[in-house]
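Step one of this worksheet: look at the structure below.
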Amino acid sequence: MNEAPLHGRVVLVCTAERPPGTKPSCGAAGIALLLELRERIESLRPGDEIRVIPTGCLGACEHRAVVADVRGDGTLYVDVSPEDMDELARRLVSLTEEDTWDTTL
């Protein structure tokens, strides 16, 4: 096994889907959120190294639409709605280098 540095910020958006009648999941709301968040971040900081990527369950299933800023300040945003997009995008792009974790993967 080798290690390589992970450059830039990584924001995970839950897009997990479960069958109807089971535990709640982010599903379609997460996919819509992912696409909108990518667009908003790109409009605020074009070409920045903030990667917004889909992921499976983040363990907060009771809060549909979950976003984890895993390479920023470590915040888990829950119950994210379309109305939150402007504020969330601004928060994600406004962190300074001192606010972010210094880790390698």
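Residue numbering restarts at 1 in every chain; chains get A, B, ... in the order shown in the structure tokens, and ligands count up from 1 in that same order.
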
(request) Check the DSSP output for the backbone and give back, as an NGL selection string, the residues of chain A in strand (DSSP E or B). (result) :A and (9-14 or 50-55 or 67-69 or 76-77)

A:Ile53 environment, 12 Å, only C-alpha atoms, sequence neighbours closer than 5 positions dropped, as a PDB file with N, CA and C atoms, in the first residue's frame:
ATOM      1  N   ARG A   9     -10.114  20.473  -1.557  1.00  0.00           N
ATOM      2  CA  ARG A   9     -11.205  20.173  -0.635  1.00  0.00           C
ATOM      3  C   ARG A   9     -12.091  19.097  -1.224  1.00  0.00           C
ATOM      4  N   VAL A  10     -12.643  18.259  -0.365  1.00  0.00           N
ATOM      5  CA  VAL A  10     -13.572  17.223  -0.781  1.00  0.00           C
ATOM      6  C   VAL A  10     -14.858  17.406   0.007  1.00  0.00           C
ATOM      7  N   VAL A  11     -15.936  17.565  -0.716  1.00  0.00           N
ATOM      8  CA  VAL A  11     -17.259  17.679  -0.118  1.00  0.00           C
ATOM      9  C   VAL A  11     -18.065  16.483  -0.603  1.00  0.00           C
ATOM     10  N   LEU A  12     -18.557  15.678   0.334  1.00  0.00           N
ATOM     11  CA  LEU A  12     -19.343  14.497  -0.009  1.00  0.00           C
ATOM     12  C   LEU A  12     -20.827  14.807   0.113  1.00  0.00           C
ATOM     13  N   VAL A  13     -21.595  14.360  -0.857  1.00  0.00           N
ATOM     14  CA  VAL A  13     -23.050  14.514  -0.822  1.00  0.00           C
ATOM     15  C   VAL A  13     -23.658  13.121  -0.886  1.00  0.00           C
ATOM     16  N   CYS A  14     -24.451  12.787   0.121  1.00  0.00           N
ATOM     17  CA  CYS A  14     -25.088  11.474   0.147  1.00  0.00           C
ATOM     18  C   CYS A  14     -26.114  11.365  -0.977  1.00  0.00           C
ATOM     19  N   THR A  15     -25.997  10.297  -1.747  1.00  0.00           N
ATOM     20  CA  THR A  15     -26.966  10.020  -2.813  1.00  0.00           C
ATOM     21  C   THR A  15     -27.532   8.608  -2.660  1.00  0.00           C
ATOM     22  N   GLY A  30     -30.543  14.096  -2.765  1.00  0.00           N
ATOM     23  CA  GLY A  30     -29.087  14.207  -2.713  1.00  0.00           C
ATOM     24  C   GLY A  30     -28.475  14.427  -4.082  1.00  0.00           C
ATOM     25  N   ILE A  31     -28.999  13.763  -5.088  1.00  0.00           N
ATOM     26  CA  ILE A  31     -28.490  13.932  -6.458  1.00  0.00           C
ATOM     27  C   ILE A  31     -28.733  15.355  -6.942  1.00  0.00           C
ATOM     28  N   LEU A  33     -29.145  17.978  -5.090  1.00  0.00           N
ATOM     29  CA  LEU A  33     -28.286  18.825  -4.273  1.00  0.00           C
ATOM     30  C   LEU A  33     -26.859  18.819  -4.798  1.00  0.00           C
ATOM     31  N   LEU A  34     -26.345  17.658  -5.124  1.00  0.00           N
ATOM     32  CA  LEU A  34     -24.995  17.513  -5.655  1.00  0.00           C
ATOM     33  C   LEU A  34     -24.807  18.367  -6.910  1.00  0.00           C
ATOM     34  N   LEU A  35     -25.704  18.254  -7.844  1.00  0.00           N
ATOM     35  CA  LEU A  35     -25.585  18.993  -9.101  1.00  0.00           C
ATOM     36  C   LEU A  35     -25.671  20.500  -8.877  1.00  0.00           C
ATOM     37  N   GLU A  36     -26.595  20.926  -8.032  1.00  0.00           N
ATOM     38  CA  GLU A  36     -26.763  22.353  -7.750  1.00  0.00           C
ATOM     39  C   GLU A  36     -25.551  22.909  -7.008  1.00  0.00           C
ATOM     40  N   LEU A  37     -25.034  22.160  -6.044  1.00  0.00           N
ATOM     41  CA  LEU A  37     -23.891  22.621  -5.266  1.00  0.00           C
ATOM     42  C   LEU A  37     -22.648  22.762  -6.140  1.00  0.00           C
ATOM     43  N   ARG A  38     -22.423  21.820  -7.025  1.00  0.00           N
ATOM     44  CA  ARG A  38     -21.289  21.920  -7.959  1.00  0.00           C
ATOM     45  C   ARG A  38     -21.382  23.211  -8.769  1.00  0.00           C
ATOM     46  N   VAL A  67     -24.657  16.618   3.605  1.00  0.00           N
ATOM     47  CA  VAL A  67     -23.404  17.042   2.969  1.00  0.00           C
ATOM     48  C   VAL A  67     -22.312  17.024   4.023  1.00  0.00           C
ATOM     49  N   ALA A  68     -21.166  16.421   3.710  1.00  0.00           N
ATOM     50  CA  ALA A  68     -20.033  16.390   4.630  1.00  0.00           C
ATOM     51  C   ALA A  68     -18.845  17.105   4.011  1.00  0.00           C
ATOM     52  N   ASP A  69     -18.334  18.104   4.709  1.00  0.00           N
ATOM     53  CA  ASP A  69     -17.147  18.837   4.274  1.00  0.00           C
ATOM     54  C   ASP A  69     -15.944  18.144   4.883  1.00  0.00           C
ATOM     55  N   VAL A  70     -15.514  17.044   4.280  1.00  0.00           N
ATOM     56  CA  VAL A  70     -14.522  16.177   4.908  1.00  0.00           C
ATOM     57  C   VAL A  70     -13.092  16.687   4.825  1.00  0.00           C
TER      58      VAL A  70
END

(request) Can you pull out every residue within 12 Å of A:Arg64, counting only C-alpha atoms, but drop anything in the same chain fewer than 3 positions away, and send it as a ChimeraX atom specification? (result) /A:13-17,23-31,33,57-61,67,77-81
